[in-house]
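Asker: For reference, the file structure.cif (mmCIF, C-alpha atoms) is included below:
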```
data_final
loop_
_atom_site.label_atom_id
_atom_site.label_comp_id
_atom_site.auth_asym_id
_atom_site.auth_seq_id
_atom_site.Cartn_x
_atom_site.Cartn_y
_atom_site.Cartn_z
CA MET A 20 23.77 115.92 13.77
CA ARG A 21 21.54 112.88 14.32
CA VAL A 22 18.24 113.51 12.54
CA LEU A 23 15.03 111.49 12.64
CA VAL A 24 13.20 111.64 9.29
CA THR A 25 9.69 110.22 8.99
CA GLY A 26 8.40 109.38 5.53
CA VAL A 27 12.01 108.66 4.64
CA ALA A 28 11.04 106.50 1.63
CA GLY A 29 8.79 109.25 0.30
CA PHE A 30 9.65 111.84 -2.32
CA ILE A 31 10.75 114.72 -0.09
CA GLY A 32 12.05 112.43 2.66
CA PHE A 33 14.35 110.66 0.22
CA HIS A 34 15.85 113.88 -1.14
CA LEU A 35 16.21 115.40 2.33
CA THR A 36 17.97 112.30 3.64
CA ARG A 37 20.34 112.27 0.68
CA ALA A 38 21.22 115.93 1.36
CA LEU A 39 21.76 115.31 5.09
CA LEU A 40 23.95 112.28 4.43
CA ALA A 41 25.97 114.24 1.87
CA ARG A 42 26.95 116.78 4.50
CA GLY A 43 27.86 114.14 7.07
CA ASP A 44 24.75 113.88 9.27
CA VAL A 45 23.38 110.61 10.63
CA VAL A 46 19.77 109.84 9.62
CA ILE A 47 17.34 107.57 11.42
CA GLY A 48 14.57 106.90 8.91
CA VAL A 49 11.00 105.77 9.59
CA ASP A 50 8.44 104.72 6.97
CA ASN A 51 5.64 102.14 6.87
CA LEU A 52 6.01 101.64 3.08
CA ASN A 53 2.23 101.70 2.58
CA ASP A 54 0.75 100.96 -0.82
CA TYR A 55 -0.91 104.35 -1.48
CA TYR A 56 1.38 104.29 -4.50
CA GLN A 57 3.79 101.65 -5.78
CA VAL A 58 5.97 100.29 -3.00
CA SER A 59 8.69 99.37 -5.49
CA LEU A 60 9.50 103.05 -5.99
CA LYS A 61 9.86 103.53 -2.23
CA ARG A 62 12.16 100.52 -2.01
CA ASP A 63 14.24 101.86 -4.90
CA ARG A 64 14.64 105.16 -3.06
CA LEU A 65 15.76 103.31 0.06
CA ALA A 66 18.24 101.27 -1.95
CA ALA A 67 19.68 104.48 -3.44
CA LEU A 68 20.13 105.89 0.07
CA ALA A 69 21.73 102.73 1.42
CA ALA A 70 24.20 102.77 -1.47
CA VAL A 71 25.69 106.10 -0.37
CA ALA A 72 25.08 106.11 3.38
CA GLY A 73 27.58 103.67 4.80
CA ASN A 74 26.73 103.25 8.48
CA ARG A 75 25.13 106.70 8.81
CA PHE A 76 21.62 105.60 7.79
CA ALA A 77 19.32 103.33 9.77
CA PHE A 78 15.86 102.43 8.48
CA HIS A 79 12.87 101.30 10.54
CA GLU A 80 9.84 99.94 8.69
CA ILE A 81 7.14 100.94 11.16
CA ASP A 82 3.95 102.98 11.24
CA PHE A 83 4.57 106.08 13.35
CA ALA A 84 0.82 106.23 14.04
CA GLY A 85 1.43 103.22 16.31
CA ASN A 86 2.99 104.80 19.36
CA ALA A 87 4.15 101.55 20.99
CA ALA A 88 5.98 100.43 17.84
CA LEU A 89 7.55 103.86 17.34
CA THR A 90 8.73 104.05 20.94
CA LYS A 91 10.16 100.53 20.86
CA ALA A 92 11.99 101.03 17.56
CA LEU A 93 13.67 104.23 18.74
CA ASP A 94 14.38 103.15 22.30
CA GLY A 95 17.98 103.98 23.12
CA VAL A 96 18.56 105.71 19.76
CA GLN A 97 20.12 109.15 20.10
CA ILE A 98 18.23 111.84 18.18
CA ASP A 99 19.06 115.54 18.11
CA ARG A 100 16.41 116.92 15.74
CA ALA A 101 13.55 115.57 13.66
CA VAL A 102 11.87 116.29 10.33
CA HIS A 103 8.36 114.85 10.30
CA LEU A 104 7.41 114.44 6.63
CA GLY A 105 5.41 111.22 6.87
CA ALA A 106 1.66 111.55 6.32
CA GLN A 107 -1.22 110.22 4.32
CA ALA A 108 -0.98 112.45 1.28
CA GLY A 109 -3.43 113.38 -1.44
CA VAL A 110 -6.45 115.70 -1.50
CA ARG A 111 -8.76 113.52 -3.57
CA TYR A 112 -7.92 110.28 -1.75
CA SER A 113 -9.01 111.89 1.52
CA ILE A 114 -12.57 111.81 0.20
CA GLU A 115 -12.34 108.07 -0.46
CA ASN A 116 -10.48 106.98 2.68
CA PRO A 117 -10.92 109.56 5.46
CA HIS A 118 -9.92 107.26 8.33
CA ALA A 119 -6.40 106.87 6.93
CA TYR A 120 -5.92 110.62 7.26
CA MET A 121 -7.14 110.85 10.82
CA GLN A 122 -4.83 108.03 11.90
CA SER A 123 -1.65 109.03 10.07
CA ASN A 124 -1.95 112.81 10.03
CA LEU A 125 -3.41 113.43 13.48
CA VAL A 126 -2.48 110.45 15.68
CA GLY A 127 0.90 110.18 13.94
CA HIS A 128 1.63 113.87 14.41
CA LEU A 129 0.79 113.64 18.09
CA ASN A 130 3.13 110.67 18.49
CA LEU A 131 6.02 112.67 16.99
CA LEU A 132 5.27 115.61 19.27
CA GLU A 133 5.28 113.34 22.31
CA LEU A 134 8.55 111.76 21.23
CA ALA A 135 10.09 115.18 20.65
CA ARG A 136 9.08 116.58 24.02
CA HIS A 137 10.08 113.53 26.06
CA ARG A 138 13.41 113.31 24.24
CA GLU A 139 13.82 117.10 24.53
CA LEU A 140 14.72 117.43 20.86
CA GLU A 141 16.37 120.65 19.77
CA HIS A 142 13.91 121.18 16.91
CA LEU A 143 10.96 119.48 15.21
CA VAL A 144 10.34 120.49 11.59
CA TYR A 145 7.06 119.17 10.21
CA ALA A 146 5.21 119.11 6.91
CA SER A 147 2.07 121.15 6.53
CA SER A 148 0.55 122.03 3.16
CA SER A 149 -0.60 124.91 0.98
CA SER A 150 -4.01 123.22 1.07
CA VAL A 151 -4.64 124.84 4.48
CA TYR A 152 -5.52 128.05 2.61
CA GLY A 153 -8.66 126.38 1.27
CA GLY A 154 -10.62 128.43 -1.23
CA ASN A 155 -8.72 131.62 -0.39
CA THR A 156 -9.03 133.96 -3.38
CA LYS A 157 -6.32 136.40 -2.22
CA LEU A 158 -3.11 135.69 -4.10
CA PRO A 159 -0.35 135.06 -3.28
CA PHE A 160 -1.09 133.11 -0.08
CA ALA A 161 0.68 134.60 2.94
CA VAL A 162 1.22 132.88 6.29
CA GLU A 163 -0.90 135.60 7.90
CA ASP A 164 -3.97 134.70 5.79
CA ARG A 165 -6.98 132.92 7.30
CA THR A 166 -6.84 129.14 7.25
CA ASP A 167 -10.13 128.21 8.91
CA HIS A 168 -12.10 127.20 5.80
CA PRO A 169 -10.51 123.96 4.50
CA VAL A 170 -12.10 122.44 1.40
CA SER A 171 -10.78 118.91 1.96
CA LEU A 172 -10.23 116.60 4.93
CA TYR A 173 -6.54 116.44 4.03
CA ALA A 174 -6.31 120.22 4.43
CA ALA A 175 -8.21 120.08 7.71
CA THR A 176 -5.79 117.52 9.16
CA LYS A 177 -2.79 119.62 8.17
CA ARG A 178 -4.24 122.74 9.77
CA ALA A 179 -5.08 120.70 12.86
CA ASP A 180 -1.42 119.60 13.02
CA GLU A 181 -0.36 123.23 13.08
CA LEU A 182 -2.74 123.99 15.97
CA ILE A 183 -1.64 120.94 17.97
CA SER A 184 1.98 121.97 17.44
CA GLU A 185 1.20 125.45 18.72
CA SER A 186 -0.16 123.95 21.93
CA TYR A 187 3.04 121.90 22.41
CA ALA A 188 5.19 124.95 21.77
CA HIS A 189 3.22 126.73 24.50
CA LEU A 190 3.05 123.91 27.05
CA TYR A 191 6.51 122.39 26.61
CA ARG A 192 8.47 125.15 24.82
CA LEU A 193 9.25 122.65 22.08
CA PRO A 194 10.90 124.48 19.14
CA GLN A 195 8.99 123.73 15.94
CA THR A 196 8.76 124.86 12.34
CA GLY A 197 5.78 123.98 10.15
CA LEU A 198 6.27 124.09 6.38
CA ARG A 199 3.38 124.70 4.01
CA PHE A 200 4.60 122.97 0.85
CA PHE A 201 3.44 124.09 -2.60
CA THR A 202 3.19 121.46 -5.42
CA VAL A 203 6.61 119.83 -5.19
CA TYR A 204 7.93 118.01 -8.27
CA GLY A 205 11.17 116.61 -9.66
CA PRO A 206 13.16 113.37 -10.06
CA TRP A 207 12.01 110.49 -7.83
CA GLY A 208 8.62 112.22 -7.56
CA ARG A 209 5.23 110.81 -6.64
CA PRO A 210 3.19 108.72 -9.13
CA ASP A 211 -0.09 110.16 -7.81
CA MET A 212 0.83 113.74 -8.76
CA MET A 213 0.09 115.57 -11.97
CA MET A 214 3.63 115.76 -13.36
CA TRP A 215 4.09 111.97 -13.20
CA ILE A 216 0.57 111.14 -14.39
CA PHE A 217 0.74 113.47 -17.39
CA THR A 218 4.22 112.30 -18.39
CA ARG A 219 3.23 108.65 -18.20
CA LYS A 220 0.06 109.15 -20.22
CA ILE A 221 1.60 111.40 -22.89
CA LEU A 222 4.42 108.90 -23.51
CA ALA A 223 1.85 106.08 -23.68
CA GLY A 224 -0.43 107.99 -26.05
CA GLU A 225 -3.25 108.05 -23.51
CA PRO A 226 -5.52 111.05 -22.80
CA ILE A 227 -4.57 113.21 -19.82
CA PRO A 228 -7.32 114.36 -17.41
CA VAL A 229 -7.27 118.17 -17.15
CA PHE A 230 -9.63 119.52 -14.50
CA ASN A 231 -11.59 122.77 -14.50
CA ASN A 232 -11.17 122.79 -18.29
CA GLY A 233 -7.53 123.70 -17.84
CA GLU A 234 -8.15 126.89 -15.84
CA MET A 235 -5.80 125.93 -13.02
CA HIS A 236 -2.71 127.65 -11.64
CA ARG A 237 -0.10 126.02 -9.40
CA ASP A 238 3.06 127.17 -7.67
CA PHE A 239 5.27 124.36 -9.00
CA THR A 240 8.34 124.04 -6.78
CA PHE A 241 11.37 121.98 -7.82
CA ILE A 242 12.61 119.49 -5.26
CA ASP A 243 16.13 120.98 -4.97
CA ASP A 244 14.65 124.34 -3.93
CA ILE A 245 12.40 122.63 -1.40
CA ILE A 246 15.30 120.73 0.17
CA ALA A 247 17.39 123.89 0.48
CA GLY A 248 14.53 125.44 2.43
CA VAL A 249 13.95 122.41 4.67
CA VAL A 250 17.63 122.16 5.58
CA ALA A 251 17.79 125.88 6.35
CA CYS A 252 14.80 125.48 8.66
CA LEU A 253 16.26 122.40 10.37
CA ASP A 254 19.48 124.25 11.10
CA ASN A 255 17.69 127.28 12.59
CA PRO A 256 15.27 126.48 15.43
CA PRO A 257 12.93 129.32 16.36
CA PRO A 258 14.01 131.09 19.56
CA ASP A 259 11.86 131.12 22.68
CA ASP A 260 12.13 134.89 23.04
CA GLY A 261 8.49 135.96 23.32
CA LEU A 262 8.64 137.77 19.99
CA GLU A 263 6.12 137.17 17.21
CA LYS A 264 7.26 134.60 14.65
CA ALA A 265 6.16 133.94 11.07
CA GLY A 266 2.59 132.68 11.34
CA GLY A 267 1.83 134.80 14.40
CA SER A 268 3.04 132.67 17.33
CA VAL A 269 4.97 134.22 20.21
CA LYS A 270 6.05 130.72 21.26
CA PRO A 271 9.04 128.89 19.68
CA HIS A 272 6.90 127.93 16.67
CA ARG A 273 7.09 129.25 13.12
CA LEU A 274 5.00 128.63 10.01
CA TYR A 275 6.47 129.17 6.57
CA ASN A 276 5.26 128.92 3.00
CA ILE A 277 7.82 127.03 0.96
CA GLY A 278 7.18 127.37 -2.77
CA ASN A 279 8.57 128.80 -5.96
CA SER A 280 6.70 132.11 -5.52
CA ARG A 281 5.44 131.87 -9.11
CA SER A 282 2.00 130.62 -10.10
CA GLU A 283 2.02 128.88 -13.48
CA HIS A 284 -0.93 128.13 -15.76
CA LEU A 285 -1.51 124.39 -15.97
CA MET A 286 -1.63 124.39 -19.77
CA LYS A 287 1.81 126.00 -19.92
CA VAL A 288 3.17 122.99 -18.03
CA VAL A 289 1.30 120.66 -20.39
CA GLY A 290 3.06 122.40 -23.29
CA LEU A 291 6.47 121.87 -21.70
CA LEU A 292 5.68 118.19 -21.10
CA GLU A 293 4.67 117.82 -24.75
CA GLU A 294 8.02 119.29 -25.83
CA CYS A 295 9.99 117.01 -23.50
CA CYS A 296 8.03 113.89 -24.44
CA GLY A 297 8.18 114.67 -28.17
CA ARG A 298 4.47 114.25 -28.77
CA LYS A 299 1.20 116.14 -28.40
CA ALA A 300 -1.06 115.34 -25.49
CA GLU A 301 -4.60 114.12 -26.02
CA ILE A 302 -6.51 116.22 -23.49
CA ASP A 303 -9.60 115.06 -21.63
CA PHE A 304 -11.08 118.24 -20.16
CA GLN A 305 -13.01 117.55 -16.97
CA PRO A 306 -14.90 119.66 -14.42
CA MET A 307 -13.43 120.84 -11.13
CA GLN A 308 -12.89 118.03 -8.63
CA PRO A 309 -14.32 118.09 -5.07
CA GLY A 310 -11.77 119.36 -2.55
CA ASP A 311 -9.54 120.95 -5.19
CA VAL A 312 -8.70 124.65 -5.62
CA THR A 313 -8.20 126.63 -8.82
CA ALA A 314 -4.96 128.38 -7.86
CA THR A 315 -2.02 128.22 -5.46
CA TYR A 316 0.67 130.87 -5.18
CA ALA A 317 3.21 131.14 -2.35
CA ASP A 318 4.26 134.36 -0.68
CA VAL A 319 7.69 133.31 0.62
CA THR A 320 8.57 136.67 2.18
CA ALA A 321 8.83 135.26 5.71
CA ILE A 322 11.18 132.34 5.01
CA SER A 323 13.25 134.49 2.65
CA ARG A 324 13.61 137.21 5.28
CA ASP A 325 14.42 134.86 8.15
CA LEU A 326 16.52 132.20 6.42
CA GLY A 327 17.55 133.55 3.03
CA TYR A 328 15.36 131.08 1.10
CA ALA A 329 15.54 131.89 -2.62
CA PRO A 330 14.12 129.35 -5.09
CA THR A 331 15.94 129.41 -8.43
CA THR A 332 14.47 126.62 -10.59
CA SER A 333 11.92 127.63 -13.21
CA ILE A 334 9.53 125.12 -14.74
CA GLU A 335 11.46 125.53 -18.01
CA VAL A 336 14.39 123.87 -16.22
CA GLY A 337 12.55 121.65 -13.75
CA VAL A 338 10.08 119.96 -16.09
CA PRO A 339 12.75 118.67 -18.52
CA SER A 340 14.76 117.46 -15.52
CA PHE A 341 11.83 115.40 -14.30
CA VAL A 342 11.04 113.94 -17.72
CA ARG A 343 14.70 112.94 -18.26
CA TRP A 344 14.69 111.12 -14.92
CA TYR A 345 11.33 109.49 -15.66
CA ARG A 346 12.57 108.11 -18.99
CA GLU A 347 15.77 106.84 -17.40
CA TYR A 348 14.01 105.23 -14.44
CA HIS A 349 11.57 103.40 -16.71
CA GLY A 350 14.10 102.61 -19.44
CA LEU A 351 12.22 104.62 -22.07
#
```
Could you take the file, read its structure, and then write that structure out as structure tokens?
Answerer:
Amino acid sequence: MRVLVTGVAGFIGFHLTRALLARGDVVIGVDNLNDYYQVSLKRDRLAALAAVAGNRFAFHEIDFAGNAALTKALDGVQIDRAVHLGAQAGVRYSIENPHAYMQSNLVGHLNLLELARHRELEHLVYASSSSVYGGNTKLPFAVEDRTDHPVSLYAATKRADELISESYAHLYRLPQTGLRFFTVYGPWGRPDMMMWIFTRKILAGEPIPVFNNGEMHRDFTFIDDIIAGVVACLDNPPPDDGLEKAGGSVKPHRLYNIGNSRSEHLMKVVGLLEECCGRKAEIDFQPMQPGDVTATYADVTAISRDLGYAPTTSIEVGVPSFVRWYREYHGL
């Protein structure tokens, strides 16, 4: 299979590409290598992919929000299916730099949809987010729950992507699967996320910022479980059979939660990080941040029923795995 992966130098994109290459697929990767976090990490991921890919990996350093550049780069390139993971990430950063989100997450998503329909791709899998559930107090979050009260611009753009995709599934019968990711972590993770920030600060003896005075719950999902779910989705396009799919569409368009289906107390994770780092954390308790939510918890019934998704990695296994990688990567 020839698979287009956007955000290929990102955390999930890197791991997905490595899994696709390992099973013999060809990957065409797109990433603009922006400096939202350290570009050196993205380049190291790309180098790791190139080292194992042979001639089955091609990388294009372009911004997929620029339609002319995207079209030119992929002109004449055969593509069977696509996984659109690229986006401007981060809830809090969307308050500081809203225009970046509108350009990457909305214009960029539209460009991928246009490419997919004109190329008549067999399937477009795209990244949504658990943030679409907003301040929903019903736990766990199910794909049938309301998603019309976002509490951040990032969440609003991701929900808008889902709606735009629904229109393309209706108009052009383009098979699509949207994945609402829940707090992904693991080796080669993102420096802007809690697991990396806390590990770095604990090892450096710096205070860690803990919001809402520690009363936070997250559905922490290990990267290997996430990738198993993404690959299962990629391999199983939704049928255009008029029947209702996960998320409610009767078009060839599904929406799935993809998480660990366990909501863990933040301070429990802090305790595991302290054990792995071999030192106590100095905690700086802070109030709730704008755009944030107190709890996430994935109901994965739909993706488990349809595709056999079954996450297996507990935080007791996943957190030590991340810290070991972090120490090795930084030579600590």
Asker: If you count all atoms listed in the file, which residues fall within 10 Å of region 122-130 of chain A, apart from same-chain ones fewer than 6 positions away, as a list of chain:residue names?
Answerer: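 With the cut-off at 10 Å, the set is A:Asp82, A:Phe83, A:Ala84, A:Gly85, A:Asn86, A:Ala87, A:Leu89, A:Thr90, A:His103, A:Leu104, A:Gly105, A:Ala106, A:Gln107, A:Ala108, A:Tyr145, A:Ala146, A:Ser147, A:Tyr173, A:Ala175, A:Thr176, A:Lys177, A:Ala179, A:Asp180, A:Glu181, A:Ile183, A:Ser184, A:Tyr187.
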Asker: Which value, in Å to one decimal, gives the distance between CA of Gly310 (chain A) and CA of Pro330 (chain A)?
Answerer: 27.9 Å
Asker: Looking at A:Asp243, A:Glu225, A:Asp238, A:Glu163, which one is nearest to Tyr328 (chain A), with distances taken over only C-alpha atoms?
Answerer: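 The answer is A:Asp243, which sits nearest to Tyr328 (chain A).
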Asker: May I ask which of the residues A:Pro256, A:Gly29, A:Gly43, A:Gly233 is the closest one to Pro271 (chain A), counting only C-alpha atoms?
Answerer: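 Under the stated criterion, the closest residue is A:Pro256.
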Asker: Please enumerate the residues selected by the PyMOL selection byres ((chain A and resi 61-73) around 10) when evaluated against the supplied file, formatted as an MDAnalysis selection string.
Answerer: chainID A and resid 26:30 32:34 36:37 39:41 43:46 48 50 52:54 56:60 74:78 207 209
Asker: Tell me which protein, DNA and RNA residues are within 9 Å of Arg21 (chain A), counting all atoms listed in the file, leaving out same-chain ones fewer than 2 positions away, and put them as a ChimeraX atom specification.
Answerer: /A:23,44-47,97-101
Asker: Return the single residue from A:Pro306, A:Ser268, A:His236, A:Leu158 that is closest to Ser186 (chain A), with distances computed using only C-alpha atoms.
Answerer: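 When distances to Ser186 (chain A) are compared using only C-alpha atoms, the smallest one comes from A:Ser268.
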Asker: Specify as a list in words each residue included when the PyMOL selection byres ((chain A and resi 349) around 12) is applied to this file.
Answerer: Leu60, Trp207, Trp215, Thr218, Arg219, Leu222, Val342, Arg343, Trp344, Tyr345, Arg346, Glu347, Tyr348, Gly350 and Leu351 of chain A
Asker: Go ahead and compute the interatomic distance for CA of Gly197 (chain A) and CA of Cys252 (chain A), in Å to one decimal.
Answerer: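 Interatomic distance, CA of Gly197 (chain A) to CA of Cys252 (chain A): 9.3 Å.
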Asker: Applied to the shown file, which residues does the PyMOL selection byres ((chain A and resi 291) around 12) return, written as a PyMOL selection string?
Answerer: chain A and resi 214+217-218+221+283-290+292-300+333-342
Asker: Quick one: residues within 10 Å of Asn276 (chain A), only C-alpha atoms, excluding same-chain residues fewer than 3 positions away - as a VMD selection string?
Answerer: chain A and resid 147 to 149 160 to 162 197 to 201 248 265 to 266 279 to 280 316 to 323
Asker: State, in Å with one decimal place, the distance from CA of Pro159 (chain A) to CA of Arg237 (chain A).
Answerer: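 It comes out at 10.9 Å.
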Asker: Restore N, CA and C atoms in region 206-222 of chain A and list the result as a PDB file, in the frame of the given file.
Answerer:
```
ATOM      1  N   PRO A 206      12.745 114.777 -10.011  1.00  0.00           N
ATOM      2  CA  PRO A 206      13.160 113.370 -10.060  1.00  0.00           C
ATOM      3  C   PRO A 206      12.798 112.619  -8.784  1.00  0.00           C
ATOM      4  N   TRP A 207      12.441 111.361  -8.924  1.00  0.00           N
ATOM      5  CA  TRP A 207      12.010 110.490  -7.830  1.00  0.00           C
ATOM      6  C   TRP A 207      10.678 110.948  -7.236  1.00  0.00           C
ATOM      7  N   GLY A 208       9.883 111.676  -8.038  1.00  0.00           N
ATOM      8  CA  GLY A 208       8.620 112.220  -7.560  1.00  0.00           C
ATOM      9  C   GLY A 208       7.548 111.187  -7.300  1.00  0.00           C
ATOM     10  N   ARG A 209       6.335 111.681  -7.030  1.00  0.00           N
ATOM     11  CA  ARG A 209       5.230 110.810  -6.640  1.00  0.00           C
ATOM     12  C   ARG A 209       4.346 110.456  -7.835  1.00  0.00           C
ATOM     13  N   PRO A 210       4.010 109.152  -7.993  1.00  0.00           N
ATOM     14  CA  PRO A 210       3.190 108.720  -9.130  1.00  0.00           C
ATOM     15  C   PRO A 210       1.748 109.206  -9.081  1.00  0.00           C
ATOM     16  N   ASP A 211       1.293 109.686  -7.919  1.00  0.00           N
ATOM     17  CA  ASP A 211      -0.090 110.160  -7.810  1.00  0.00           C
ATOM     18  C   ASP A 211      -0.222 111.634  -8.165  1.00  0.00           C
ATOM     19  N   MET A 212       0.885 112.298  -8.483  1.00  0.00           N
ATOM     20  CA  MET A 212       0.830 113.740  -8.760  1.00  0.00           C
ATOM     21  C   MET A 212       0.839 114.018 -10.254  1.00  0.00           C
ATOM     22  N   MET A 213       0.370 115.201 -10.583  1.00  0.00           N
ATOM     23  CA  MET A 213       0.090 115.570 -11.970  1.00  0.00           C
ATOM     24  C   MET A 213       1.277 115.378 -12.899  1.00  0.00           C
ATOM     25  N   MET A 214       2.471 115.790 -12.469  1.00  0.00           N
ATOM     26  CA  MET A 214       3.630 115.760 -13.360  1.00  0.00           C
ATOM     27  C   MET A 214       3.913 114.323 -13.827  1.00  0.00           C
ATOM     28  N   TRP A 215       3.842 113.387 -12.886  1.00  0.00           N
ATOM     29  CA  TRP A 215       4.090 111.970 -13.200  1.00  0.00           C
ATOM     30  C   TRP A 215       2.958 111.409 -14.060  1.00  0.00           C
ATOM     31  N   ILE A 216       1.724 111.679 -13.665  1.00  0.00           N
ATOM     32  CA  ILE A 216       0.570 111.140 -14.390  1.00  0.00           C
ATOM     33  C   ILE A 216       0.557 111.613 -15.836  1.00  0.00           C
ATOM     34  N   PHE A 217       0.775 112.917 -16.027  1.00  0.00           N
ATOM     35  CA  PHE A 217       0.740 113.470 -17.390  1.00  0.00           C
ATOM     36  C   PHE A 217       1.886 112.916 -18.233  1.00  0.00           C
ATOM     37  N   THR A 218       3.074 112.825 -17.648  1.00  0.00           N
ATOM     38  CA  THR A 218       4.220 112.300 -18.390  1.00  0.00           C
ATOM     39  C   THR A 218       3.969 110.861 -18.824  1.00  0.00           C
ATOM     40  N   ARG A 219       3.494 110.054 -17.893  1.00  0.00           N
ATOM     41  CA  ARG A 219       3.230 108.650 -18.200  1.00  0.00           C
ATOM     42  C   ARG A 219       2.204 108.518 -19.325  1.00  0.00           C
ATOM     43  N   LYS A 220       1.135 109.277 -19.246  1.00  0.00           N
ATOM     44  CA  LYS A 220       0.060 109.150 -20.220  1.00  0.00           C
ATOM     45  C   LYS A 220       0.444 109.723 -21.584  1.00  0.00           C
ATOM     46  N   ILE A 221       1.174 110.825 -21.612  1.00  0.00           N
ATOM     47  CA  ILE A 221       1.600 111.400 -22.890  1.00  0.00           C
ATOM     48  C   ILE A 221       2.524 110.425 -23.613  1.00  0.00           C
ATOM     49  N   LEU A 222       3.495 109.855 -22.889  1.00  0.00           N
ATOM     50  CA  LEU A 222       4.420 108.900 -23.510  1.00  0.00           C
ATOM     51  C   LEU A 222       3.699 107.638 -23.982  1.00  0.00           C
TER      52      LEU A 222
END
```
